[in-house]
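Shown here: run_31.txt, compact mmCIF, C-alpha atoms.
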```txt
# COMPACT_ATOMS: atom_id res chain seq x y z
CA MET A 1 -11.70 -68.28 -98.96
CA ASP A 2 -14.81 -67.38 -97.09
CA ASP A 3 -14.00 -69.95 -94.44
CA ALA A 4 -10.58 -68.40 -93.87
CA ARG A 5 -12.09 -65.00 -93.41
CA ARG A 6 -14.62 -66.34 -90.97
CA GLU A 7 -11.87 -68.06 -88.97
CA ALA A 8 -9.86 -64.85 -88.84
CA ALA A 9 -12.91 -62.87 -87.71
CA LEU A 10 -13.71 -65.46 -85.04
CA GLY A 11 -10.10 -65.31 -83.84
CA ARG A 12 -10.33 -61.60 -83.44
CA TRP A 13 -13.60 -61.85 -81.54
CA ARG A 14 -12.07 -64.44 -79.21
CA TRP A 15 -9.33 -61.98 -78.21
CA LEU A 16 -11.78 -59.12 -77.70
CA PRO A 17 -12.91 -60.05 -74.14
CA TRP A 18 -9.29 -60.41 -73.09
CA GLY A 19 -8.49 -57.06 -74.55
CA LEU A 20 -11.45 -55.49 -72.85
CA LEU A 21 -10.40 -57.11 -69.58
CA ALA A 22 -6.86 -55.81 -69.99
CA VAL A 23 -8.15 -52.34 -70.72
CA THR A 24 -10.45 -52.51 -67.70
CA VAL A 25 -7.64 -53.65 -65.44
CA ALA A 26 -5.39 -50.91 -66.77
CA VAL A 27 -8.08 -48.28 -66.25
CA ALA A 28 -8.80 -49.60 -62.77
CA SER A 29 -5.12 -49.61 -61.85
CA THR A 30 -4.69 -46.12 -63.17
CA GLY A 31 -7.75 -44.96 -61.23
CA ALA A 32 -6.48 -46.61 -58.05
CA TRP A 33 -3.07 -45.01 -58.50
CA LEU A 34 -4.62 -41.62 -59.14
CA GLY A 35 -6.95 -42.09 -56.16
CA SER A 36 -4.01 -43.02 -53.95
CA ARG A 37 -2.12 -39.94 -55.12
CA SER A 38 -5.18 -37.79 -54.45
CA LEU A 39 -5.62 -39.30 -50.99
CA GLN A 40 -1.97 -38.67 -50.15
CA ALA A 41 -2.33 -35.12 -51.40
CA LEU A 42 -5.40 -34.64 -49.25
CA GLU A 43 -3.64 -36.10 -46.19
CA ALA A 44 -0.64 -33.84 -46.80
CA ARG A 45 -2.93 -30.84 -47.19
CA ASP A 46 -4.79 -31.78 -44.01
CA ALA A 47 -1.52 -32.07 -42.10
CA GLN A 48 -0.40 -28.72 -43.47
CA LEU A 49 -3.69 -27.12 -42.44
CA GLU A 50 -3.31 -28.61 -38.95
CA ARG A 51 0.21 -27.20 -38.67
CA GLU A 52 -0.98 -23.81 -39.86
CA ALA A 53 -3.87 -23.92 -37.36
CA ALA A 54 -1.47 -24.82 -34.52
CA GLU A 55 0.87 -22.03 -35.56
CA SER A 56 -2.07 -19.61 -35.69
CA GLU A 57 -3.20 -20.68 -32.20
CA ALA A 58 0.33 -20.21 -30.87
CA HIS A 59 0.49 -16.79 -32.50
CA VAL A 60 -2.88 -15.84 -31.00
CA ALA A 61 -1.72 -17.01 -27.57
CA GLN A 62 1.47 -15.00 -27.96
CA LEU A 63 -0.57 -11.92 -28.93
CA GLN A 64 -2.84 -12.43 -25.93
CA THR A 65 0.17 -12.70 -23.63
CA LEU A 66 1.65 -9.56 -25.16
CA ARG A 67 -1.68 -7.78 -24.76
CA GLN A 68 -1.94 -8.81 -21.10
CA ALA A 69 1.63 -7.63 -20.50
CA MET A 70 0.88 -4.29 -22.17
CA GLU A 71 -2.32 -3.90 -20.13
CA GLY A 72 -0.40 -4.66 -16.94
CA ARG A 73 2.27 -2.13 -17.88
CA LEU A 74 -0.42 0.44 -18.63
CA ARG A 75 -2.05 -0.15 -15.24
CA ALA A 76 1.35 0.18 -13.56
CA LEU A 77 1.99 3.46 -15.36
CA GLU A 78 -1.46 4.71 -14.37
CA ARG A 79 -0.80 3.79 -10.74
CA GLN A 80 2.60 5.47 -10.90
CA GLN A 81 1.11 8.61 -12.38
CA GLN A 82 -1.66 8.60 -9.78
CA ALA A 83 0.89 8.10 -7.01
CA GLN A 84 2.93 11.02 -8.33
CA GLU A 85 -0.16 13.19 -8.50
CA TRP A 86 -1.22 12.16 -5.02
CA GLY A 87 2.31 12.58 -3.73
CA GLY A 88 2.50 16.07 -5.17
CA ALA A 89 -0.91 16.92 -3.76
CA ALA A 90 0.06 15.48 -0.38
CA ALA A 91 3.29 17.50 -0.33
CA GLU A 92 1.41 20.63 -1.34
CA LEU A 93 -1.25 20.07 1.30
CA GLN A 94 1.35 19.29 3.95
CA ALA A 95 3.38 22.39 3.08
CA LYS A 96 0.29 24.57 3.33
CA GLY A 97 -0.57 23.16 6.74
CA ALA A 98 2.96 23.09 8.18
CA GLU A 99 3.05 26.79 9.05
CA ALA A 100 -0.39 26.70 10.61
CA GLN A 101 0.53 23.59 12.60
CA GLN A 102 3.70 25.22 13.85
CA THR A 103 1.68 28.24 14.99
CA ARG A 104 -0.74 25.95 16.83
CA ARG A 105 2.12 24.07 18.48
CA GLU A 106 3.56 27.33 19.71
CA ALA A 107 0.16 28.29 21.12
CA ALA A 108 -0.17 24.84 22.73
CA LEU A 109 3.29 25.23 24.25
CA GLU A 110 2.24 28.50 25.88
CA THR A 111 -1.01 26.94 27.13
CA LEU A 112 0.81 23.94 28.60
CA GLY A 113 3.33 26.27 30.20
CA ARG A 114 0.54 28.11 32.02
CA THR A 115 -1.39 24.94 32.87
CA LEU A 116 1.59 22.94 34.15
CA LYS A 117 3.54 25.81 35.67
CA ASP A 118 3.80 24.15 39.11
CA ALA A 119 5.16 20.90 37.65
CA LEU A 120 7.53 22.90 35.45
CA LYS A 121 8.88 24.81 38.45
CA ALA A 122 9.38 21.57 40.35
CA GLY A 123 11.26 20.05 37.43
CA ASP A 124 8.74 17.25 36.99
CA VAL A 125 7.74 18.37 33.49
CA THR A 126 9.84 19.69 30.62
CA LEU A 127 8.43 21.22 27.43
CA ALA A 128 10.30 21.59 24.16
CA LEU A 129 9.29 22.75 20.70
CA GLU A 130 11.01 20.85 17.90
CA ASP A 131 10.98 21.50 14.16
CA ASP A 132 7.88 19.44 13.53
CA ALA A 133 6.73 18.32 16.97
CA LEU A 134 5.96 19.32 20.53
CA ARG A 135 7.70 17.24 23.20
CA VAL A 136 6.48 16.84 26.77
CA GLU A 137 8.82 15.09 29.20
CA VAL A 138 7.23 13.90 32.46
CA SER A 139 9.39 12.57 35.30
CA GLU A 140 8.76 9.17 36.81
CA ARG A 141 8.54 10.62 40.30
CA ILE A 142 5.27 12.40 39.51
CA LEU A 143 3.76 9.69 37.28
CA PHE A 144 4.60 6.39 38.98
CA ALA A 145 5.81 4.97 42.22
CA PRO A 146 9.23 3.29 41.89
CA ALA A 147 9.14 0.02 39.89
CA THR A 148 5.34 0.11 39.46
CA THR A 149 3.01 0.76 36.57
CA ARG A 150 0.20 2.35 38.60
CA LEU A 151 -0.34 6.04 37.91
CA THR A 152 -0.23 8.36 40.90
CA PRO A 153 -3.01 10.92 41.42
CA GLU A 154 -0.53 13.69 40.60
CA GLY A 155 0.47 11.91 37.39
CA ALA A 156 -3.15 11.40 36.35
CA ALA A 157 -3.80 15.12 36.95
CA VAL A 158 -0.84 16.10 34.74
CA LEU A 159 -2.08 13.84 31.94
CA LYS A 160 -5.58 15.27 32.28
CA GLN A 161 -4.30 18.83 31.92
CA ALA A 162 -2.13 17.88 28.96
CA ALA A 163 -4.95 15.95 27.26
CA ALA A 164 -7.13 19.05 27.26
CA VAL A 165 -4.56 20.71 24.98
CA PHE A 166 -4.09 17.55 22.94
CA ARG A 167 -7.83 17.47 22.20
CA GLY A 168 -7.98 21.14 21.28
CA PRO A 169 -5.42 22.95 19.12
CA LEU A 170 -3.43 19.77 18.47
CA ALA A 171 -6.35 17.48 17.65
CA ASP A 172 -4.74 16.58 14.30
CA HIS A 173 -1.47 15.46 15.93
CA ARG A 174 -0.41 11.97 16.88
CA VAL A 175 0.69 11.30 20.45
CA ALA A 176 3.66 8.93 20.66
CA VAL A 177 4.24 7.79 24.25
CA ALA A 178 7.75 6.49 25.03
CA SER A 179 8.71 5.25 28.49
CA HIS A 180 12.30 5.12 29.77
CA THR A 181 13.85 3.49 32.82
CA ASP A 182 17.37 3.35 34.15
CA GLU A 183 19.75 0.43 34.61
CA VAL A 184 18.79 -0.14 38.25
CA LEU A 185 15.31 -1.43 39.06
CA PRO A 186 14.47 -1.26 42.76
CA ALA A 187 11.98 -3.96 43.69
CA ALA A 188 8.65 -2.61 44.90
CA PRO A 189 7.21 -4.25 48.03
CA GLY A 190 5.08 -7.21 46.98
CA ALA A 191 5.69 -6.58 43.26
CA PRO A 192 6.87 -9.46 41.03
CA ALA A 193 10.34 -9.34 39.58
CA THR A 194 10.45 -7.70 36.16
CA THR A 195 12.90 -6.37 33.60
CA ALA A 196 13.46 -2.82 32.39
CA TRP A 197 11.89 -3.72 29.06
CA GLU A 198 8.69 -4.99 30.68
CA LEU A 199 8.48 -2.07 33.07
CA SER A 200 8.99 0.60 30.41
CA ALA A 201 6.56 -1.02 28.00
CA ALA A 202 3.89 -1.46 30.67
CA ARG A 203 4.25 2.17 31.77
CA ALA A 204 3.87 3.43 28.21
CA VAL A 205 0.71 1.34 27.85
CA ALA A 206 -0.61 2.68 31.16
CA VAL A 207 -0.20 6.27 29.93
CA VAL A 208 -1.81 5.46 26.57
CA ARG A 209 -4.79 3.84 28.31
CA GLN A 210 -5.16 6.83 30.58
CA LEU A 211 -5.17 9.24 27.62
CA GLY A 212 -7.50 7.06 25.56
CA GLU A 213 -9.92 5.55 28.05
CA ARG A 214 -10.02 8.33 30.65
CA GLU A 215 -9.29 11.46 28.64
CA GLY A 216 -11.03 10.57 25.39
CA LEU A 217 -8.18 10.76 22.88
CA ALA A 218 -8.82 8.73 19.73
CA PRO A 219 -6.97 5.39 19.86
CA GLU A 220 -5.60 5.83 16.33
CA ARG A 221 -3.69 8.88 17.53
CA LEU A 222 -1.87 6.98 20.26
CA SER A 223 1.14 4.68 20.31
CA ALA A 224 3.15 3.15 23.14
CA THR A 225 6.85 2.24 23.15
CA GLY A 226 9.17 1.03 25.88
CA HIS A 227 12.88 1.84 25.54
CA ALA A 228 14.11 0.43 28.88
CA ALA A 229 17.46 2.05 29.77
CA TYR A 230 18.84 2.29 26.24
CA ARG A 231 17.98 5.91 25.42
CA PRO A 232 19.19 7.85 28.44
CA LEU A 233 19.28 11.61 28.64
CA VAL A 234 22.45 11.54 30.73
CA PRO A 235 24.87 8.77 31.73
CA ASP A 236 23.52 6.39 34.38
CA ASP A 237 26.42 7.12 36.70
CA SER A 238 24.71 8.69 39.71
CA PRO A 239 21.34 8.66 41.50
CA PRO A 240 20.36 12.14 40.17
CA HIS A 241 21.22 11.10 36.62
CA ARG A 242 19.29 7.85 36.93
CA ALA A 243 16.32 9.80 38.24
CA SER A 244 16.50 12.09 35.20
CA ASN A 245 16.52 9.09 32.86
CA ARG A 246 13.37 7.62 34.44
CA ARG A 247 10.78 9.50 32.43
CA VAL A 248 7.90 9.32 29.97
CA THR A 249 8.03 11.30 26.73
CA LEU A 250 4.90 12.44 24.93
CA ARG A 251 5.78 13.59 21.42
CA LEU A 252 3.08 15.28 19.39
CA SER A 253 3.66 15.36 15.65
CA PRO A 254 1.33 16.04 12.71
CA THR A 255 -0.58 13.11 11.27
CA PRO A 256 0.99 12.33 7.87
CA VAL A 257 -1.01 13.43 4.85
CA THR A 258 -2.19 10.30 3.05
CA PRO A 259 -2.89 10.14 -0.70
CA GLU A 260 -6.57 9.62 0.11
CA SER A 261 -6.79 12.77 2.23
CA ALA A 262 -4.89 14.70 -0.42
CA ALA A 263 -7.28 13.48 -3.09
CA VAL A 264 -10.24 14.46 -0.92
CA ALA A 265 -8.74 17.87 -0.29
CA ARG A 266 -8.24 18.40 -4.02
CA THR A 267 -11.86 17.52 -4.76
CA GLU A 268 -13.44 19.49 -1.92
CA PRO A 269 -15.58 22.45 -3.02
CA PRO A 270 -14.16 25.90 -2.34
CA SER A 271 -15.07 27.56 0.91
CA ARG A 272 -17.85 30.13 1.09
CA SER A 273 -15.37 32.98 1.39
CA LEU A 274 -13.70 31.90 -1.84
CA LYS A 275 -17.10 31.62 -3.49
CA ARG A 276 -18.01 35.12 -2.35
CA GLN A 277 -14.73 36.47 -3.71
CA ALA A 278 -15.36 34.78 -7.05
CA ASN A 279 -18.91 36.14 -7.20
CA ALA A 280 -17.75 39.66 -6.37
CA LYS A 281 -15.08 39.46 -9.05
CA ALA A 282 -17.68 38.30 -11.56
CA LYS A 283 -19.97 41.19 -10.66
CA LYS A 284 -17.19 43.72 -11.11
CA THR A 285 -16.35 42.22 -14.47
CA ALA A 286 -20.00 42.43 -15.53
CA GLN A 287 -20.25 46.08 -14.42
CA ARG A 288 -17.23 46.98 -16.52
```

The structure in this file should be written as structure tokens.
Amino acid sequence: MDDARREAALGRWRWLPWGLLAVTVAVASTGAWLGSRSLQALEARDAQLEREAAESEAHVAQLQTLRQAMEGRLRALERQQQAQEWGGAAAELQAKGAEAQQTRREAALETLGRTLKDALKAGDVTLALEDDALRVEVSERILFAPATTRLTPEGAAVLKQAAAVFRGPLADHRVAVASHTDEVLPAAPGAPATTAWELSAARAVAVVRQLGEREGLAPERLSATGHAAYRPLVPDDSPPHRASNRRVTLRLSPTPVTPESAAVARTEPPSRSLKRQANAKAKKTAQR
């Protein structure tokens, strides 16, 4: 009886290591499976975090682009507002000076009429007052010899007399020099063949150089244009008409008011007379 019990106990002990091994294997397998599931979960979470980070970066980039666009729009609006303010100031400044400029042009017209009276009587010079400019027409016959660009002494004297007025009451006016020829170009002795375009342009430059280099007018006030025979006063159908079309026009017009000059004018301190008026008004107010 005791032997049977011992045999049964020994049998159970023989199966114990195998049972323990089976349990160990089962636990290990379960741990491996759980570890694999955890690793997969971590990898999925990492991928999700990467996607969220990429989406966040894209959103930040989009916000930065939107911010840059809004800043650019704001700068454009500021420039537009500044341009409107400057434009309004320029228009106001130009309107204030237009009447005074017209008065000075009228005075200059009278001065030129007295100074150039001989050339006016001879028909070599014509003066005209336009809405916003003073026009001086000078005939070719007093300025240049036929088909040449060399100023005559009489022409240089006329330009000298005119430049004295241009430097004085009309110092803030531009001087646009335009030269005109006719359709027929007589060849000057010894002169090279040329076209009406070349001749008119060269004559305009000659007048500009005379006014700038000899008479001291600022270069930025001057411009030269050659129109050849394409802006005639009268039809080129007779020698007298062709002679009338051969001319040089000096057109004096006000220098445009720039936004910078308008801004400067708006920020300039008031004149002393205005200051005195303000001080007197303040004193009267204090006395009351």

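From atom CA of Arg75 of chain A back to atom CA of His59 of chain A, the distance works out to 24.1 Å.
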
Residue among A:Lys121, A:Arg67, A:Val208, A:Leu252 lying closest to Ala108 of chain A, counting only C-alpha atoms:
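Of A:Lys121, A:Arg67, A:Val208, A:Leu252, the one nearest Ala108 of chain A, counting only C-alpha atoms, is A:Leu252.
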
Please list as number ranges by chain every residue within 12 Å of Leu250 of chain A, counting only C-alpha atoms and excluding residues in the same chain fewer than 3 positions away.
A: 125-129, 133-139, 158-159, 162-163, 166, 173-180, 204, 207-208, 211, 221-225, 247, 253

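What separates atom CA of Leu63 of chain A from atom CA of Arg51 of chain A is a distance of 18.1 Å.
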
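Across A:Ala157, A:Ala58, A:Gln40, A:Glu183, the tightest approach to His227 of chain A is made by A:Glu183 when counting only C-alpha atoms.
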
Separation of atom CA of Arg79 of chain A and atom CA of Leu66 of chain A, in Å?
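Value for the atom CA of Arg79 of chain A-atom CA of Leu66 of chain A distance: 19.8 Å.
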
Exercise: segment 195-200 of chain A partners within 12 Å, only C-alpha atoms, chain neighbours under 3 positions left out, as number ranges by chain:
A: 140, 144-150, 177-188, 191-192, 203-207, 224-231, 245-249

Nearest to Asp172 of chain A, chosen from A:Gly123, A:Pro153, A:Pro232, A:Gly97, with only C-alpha atoms counted in the distances
A:Gly97

Subset file: segment 227-241 of chain A, all heavy atoms, as a PDB file, in the first residue's frame:
```
ATOM      1  N   HIS A 227      11.466 117.574 -84.258  1.00  0.00           N
ATOM      2  CA  HIS A 227      10.225 117.110 -84.873  1.00  0.00           C
ATOM      3  C   HIS A 227      10.293 117.048 -86.394  1.00  0.00           C
ATOM      4  O   HIS A 227       9.278 116.733 -87.039  1.00  0.00           O
ATOM      5  CB  HIS A 227       9.069 118.028 -84.471  1.00  0.00           C
ATOM      6  CG  HIS A 227       8.732 117.954 -83.017  1.00  0.00           C
ATOM      7  ND1 HIS A 227       8.218 116.823 -82.418  1.00  0.00           N
ATOM      8  CD2 HIS A 227       8.855 118.873 -82.026  1.00  0.00           C
ATOM      9  CE1 HIS A 227       8.021 117.045 -81.121  1.00  0.00           C
ATOM     10  NE2 HIS A 227       8.403 118.276 -80.859  1.00  0.00           N
ATOM     11  N   ALA A 228      11.465 117.367 -86.963  1.00  0.00           N
ATOM     12  CA  ALA A 228      11.622 117.376 -88.425  1.00  0.00           C
ATOM     13  C   ALA A 228      10.536 118.254 -89.056  1.00  0.00           C
ATOM     14  O   ALA A 228      10.289 119.362 -88.595  1.00  0.00           O
ATOM     15  CB  ALA A 228      11.606 115.951 -88.966  1.00  0.00           C
ATOM     16  N   ALA A 229       9.863 117.728 -90.098  1.00  0.00           N
ATOM     17  CA  ALA A 229       8.841 118.527 -90.788  1.00  0.00           C
ATOM     18  C   ALA A 229       7.431 118.074 -90.458  1.00  0.00           C
ATOM     19  O   ALA A 229       6.480 118.429 -91.167  1.00  0.00           O
ATOM     20  CB  ALA A 229       9.063 118.435 -92.304  1.00  0.00           C
ATOM     21  N   TYR A 230       7.257 117.332 -89.358  1.00  0.00           N
ATOM     22  CA  TYR A 230       5.987 116.665 -89.117  1.00  0.00           C
ATOM     23  C   TYR A 230       5.054 117.418 -88.182  1.00  0.00           C
ATOM     24  O   TYR A 230       3.997 116.910 -87.845  1.00  0.00           O
ATOM     25  CB  TYR A 230       6.256 115.251 -88.596  1.00  0.00           C
ATOM     26  CG  TYR A 230       6.984 114.428 -89.630  1.00  0.00           C
ATOM     27  CD1 TYR A 230       8.356 114.216 -89.512  1.00  0.00           C
ATOM     28  CD2 TYR A 230       6.317 113.925 -90.733  1.00  0.00           C
ATOM     29  CE1 TYR A 230       9.041 113.484 -90.471  1.00  0.00           C
ATOM     30  CE2 TYR A 230       6.994 113.205 -91.702  1.00  0.00           C
ATOM     31  CZ  TYR A 230       8.357 112.987 -91.568  1.00  0.00           C
ATOM     32  OH  TYR A 230       9.028 112.273 -92.523  1.00  0.00           O
ATOM     33  N   ARG A 231       5.422 118.617 -87.747  1.00  0.00           N
ATOM     34  CA  ARG A 231       4.509 119.460 -86.977  1.00  0.00           C
ATOM     35  C   ARG A 231       4.553 120.883 -87.531  1.00  0.00           C
ATOM     36  O   ARG A 231       4.958 121.824 -86.852  1.00  0.00           O
ATOM     37  CB  ARG A 231       4.873 119.445 -85.495  1.00  0.00           C
ATOM     38  CG  ARG A 231       4.717 118.076 -84.854  1.00  0.00           C
ATOM     39  CD  ARG A 231       4.784 118.128 -83.364  1.00  0.00           C
ATOM     40  NE  ARG A 231       4.678 116.807 -82.775  1.00  0.00           N
ATOM     41  CZ  ARG A 231       4.672 116.557 -81.472  1.00  0.00           C
ATOM     42  NH1 ARG A 231       4.777 117.572 -80.611  1.00  0.00           N
ATOM     43  NH2 ARG A 231       4.583 115.326 -81.006  1.00  0.00           N
ATOM     44  N   PRO A 232       4.114 121.057 -88.756  1.00  0.00           N
ATOM     45  CA  PRO A 232       4.201 122.381 -89.374  1.00  0.00           C
ATOM     46  C   PRO A 232       3.140 123.332 -88.829  1.00  0.00           C
ATOM     47  O   PRO A 232       2.067 122.916 -88.390  1.00  0.00           O
ATOM     48  CB  PRO A 232       3.966 122.084 -90.855  1.00  0.00           C
ATOM     49  CG  PRO A 232       3.102 120.863 -90.851  1.00  0.00           C
ATOM     50  CD  PRO A 232       3.553 120.052 -89.675  1.00  0.00           C
ATOM     51  N   LEU A 233       3.462 124.604 -88.861  1.00  0.00           N
ATOM     52  CA  LEU A 233       2.469 125.621 -88.531  1.00  0.00           C
ATOM     53  C   LEU A 233       1.479 125.816 -89.666  1.00  0.00           C
ATOM     54  O   LEU A 233       0.280 126.001 -89.448  1.00  0.00           O
ATOM     55  CB  LEU A 233       3.165 126.959 -88.222  1.00  0.00           C
ATOM     56  CG  LEU A 233       3.935 127.057 -86.892  1.00  0.00           C
ATOM     57  CD1 LEU A 233       4.649 128.405 -86.820  1.00  0.00           C
ATOM     58  CD2 LEU A 233       2.991 126.892 -85.710  1.00  0.00           C
ATOM     59  N   VAL A 234       2.021 125.805 -90.878  1.00  0.00           N
ATOM     60  CA  VAL A 234       1.208 125.999 -92.093  1.00  0.00           C
ATOM     61  C   VAL A 234       1.625 124.948 -93.110  1.00  0.00           C
ATOM     62  O   VAL A 234       2.693 124.337 -92.970  1.00  0.00           O
ATOM     63  CB  VAL A 234       1.407 127.426 -92.668  1.00  0.00           C
ATOM     64  CG1 VAL A 234       0.807 128.471 -91.735  1.00  0.00           C
ATOM     65  CG2 VAL A 234       2.883 127.724 -92.906  1.00  0.00           C
ATOM     66  N   PRO A 235       0.830 124.682 -94.119  1.00  0.00           N
ATOM     67  CA  PRO A 235       1.210 123.702 -95.140  1.00  0.00           C
ATOM     68  C   PRO A 235       2.511 124.082 -95.829  1.00  0.00           C
ATOM     69  O   PRO A 235       2.769 125.252 -96.108  1.00  0.00           O
ATOM     70  CB  PRO A 235       0.026 123.714 -96.115  1.00  0.00           C
ATOM     71  CG  PRO A 235      -1.115 124.214 -95.306  1.00  0.00           C
ATOM     72  CD  PRO A 235      -0.546 125.200 -94.340  1.00  0.00           C
ATOM     73  N   ASP A 236       3.345 123.087 -96.114  1.00  0.00           N
ATOM     74  CA  ASP A 236       4.619 123.317 -96.799  1.00  0.00           C
ATOM     75  C   ASP A 236       4.375 123.417 -98.309  1.00  0.00           C
ATOM     76  O   ASP A 236       4.855 122.598 -99.094  1.00  0.00           O
ATOM     77  CB  ASP A 236       5.581 122.162 -96.514  1.00  0.00           C
ATOM     78  CG  ASP A 236       6.406 122.408 -95.272  1.00  0.00           C
ATOM     79  OD1 ASP A 236       6.620 123.584 -94.922  1.00  0.00           O
ATOM     80  OD2 ASP A 236       6.829 121.430 -94.633  1.00  0.00           O
ATOM     81  N   ASP A 237       3.657 124.434 -98.714  1.00  0.00           N
ATOM     82  CA  ASP A 237       3.286 124.532-100.125  1.00  0.00           C
ATOM     83  C   ASP A 237       3.866 125.760-100.802  1.00  0.00           C
ATOM     84  O   ASP A 237       3.564 126.016-101.968  1.00  0.00           O
ATOM     85  CB  ASP A 237       1.764 124.529-100.277  1.00  0.00           C
ATOM     86  CG  ASP A 237       1.093 125.594 -99.420  1.00  0.00           C
ATOM     87  OD1 ASP A 237       1.819 126.412 -98.805  1.00  0.00           O
ATOM     88  OD2 ASP A 237      -0.149 125.606 -99.344  1.00  0.00           O
ATOM     89  N   SER A 238       4.684 126.530-100.109  1.00  0.00           N
ATOM     90  CA  SER A 238       5.288 127.715-100.710  1.00  0.00           C
ATOM     91  C   SER A 238       6.524 128.101 -99.919  1.00  0.00           C
ATOM     92  O   SER A 238       6.645 127.744 -98.737  1.00  0.00           O
ATOM     93  CB  SER A 238       4.293 128.882-100.725  1.00  0.00           C
ATOM     94  OG  SER A 238       3.988 129.303 -99.407  1.00  0.00           O
ATOM     95  N   PRO A 239       7.443 128.831-100.541  1.00  0.00           N
ATOM     96  CA  PRO A 239       8.649 129.255 -99.799  1.00  0.00           C
ATOM     97  C   PRO A 239       8.335 130.050 -98.534  1.00  0.00           C
ATOM     98  O   PRO A 239       8.961 129.797 -97.500  1.00  0.00           O
ATOM     99  CB  PRO A 239       9.416 130.077-100.831  1.00  0.00           C
ATOM    100  CG  PRO A 239       9.007 129.503-102.145  1.00  0.00           C
ATOM    101  CD  PRO A 239       7.557 129.147-101.985  1.00  0.00           C
ATOM    102  N   PRO A 240       7.387 130.982 -98.521  1.00  0.00           N
ATOM    103  CA  PRO A 240       7.094 131.692 -97.267  1.00  0.00           C
ATOM    104  C   PRO A 240       6.559 130.757 -96.179  1.00  0.00           C
ATOM    105  O   PRO A 240       6.909 130.907 -95.003  1.00  0.00           O
ATOM    106  CB  PRO A 240       6.043 132.723 -97.688  1.00  0.00           C
ATOM    107  CG  PRO A 240       6.268 132.929 -99.134  1.00  0.00           C
ATOM    108  CD  PRO A 240       6.675 131.594 -99.661  1.00  0.00           C
ATOM    109  N   HIS A 241       5.724 129.794 -96.572  1.00  0.00           N
ATOM    110  CA  HIS A 241       5.199 128.855 -95.591  1.00  0.00           C
ATOM    111  C   HIS A 241       6.304 127.955 -95.042  1.00  0.00           C
ATOM    112  O   HIS A 241       6.347 127.666 -93.822  1.00  0.00           O
ATOM    113  CB  HIS A 241       4.095 128.006 -96.214  1.00  0.00           C
ATOM    114  CG  HIS A 241       2.806 128.742 -96.330  1.00  0.00           C
ATOM    115  ND1 HIS A 241       1.674 128.162 -96.883  1.00  0.00           N
ATOM    116  CD2 HIS A 241       2.443 130.003 -95.993  1.00  0.00           C
ATOM    117  CE1 HIS A 241       0.676 129.034 -96.861  1.00  0.00           C
ATOM    118  NE2 HIS A 241       1.137 130.171 -96.335  1.00  0.00           N
TER     119      HIS A 241
END
```
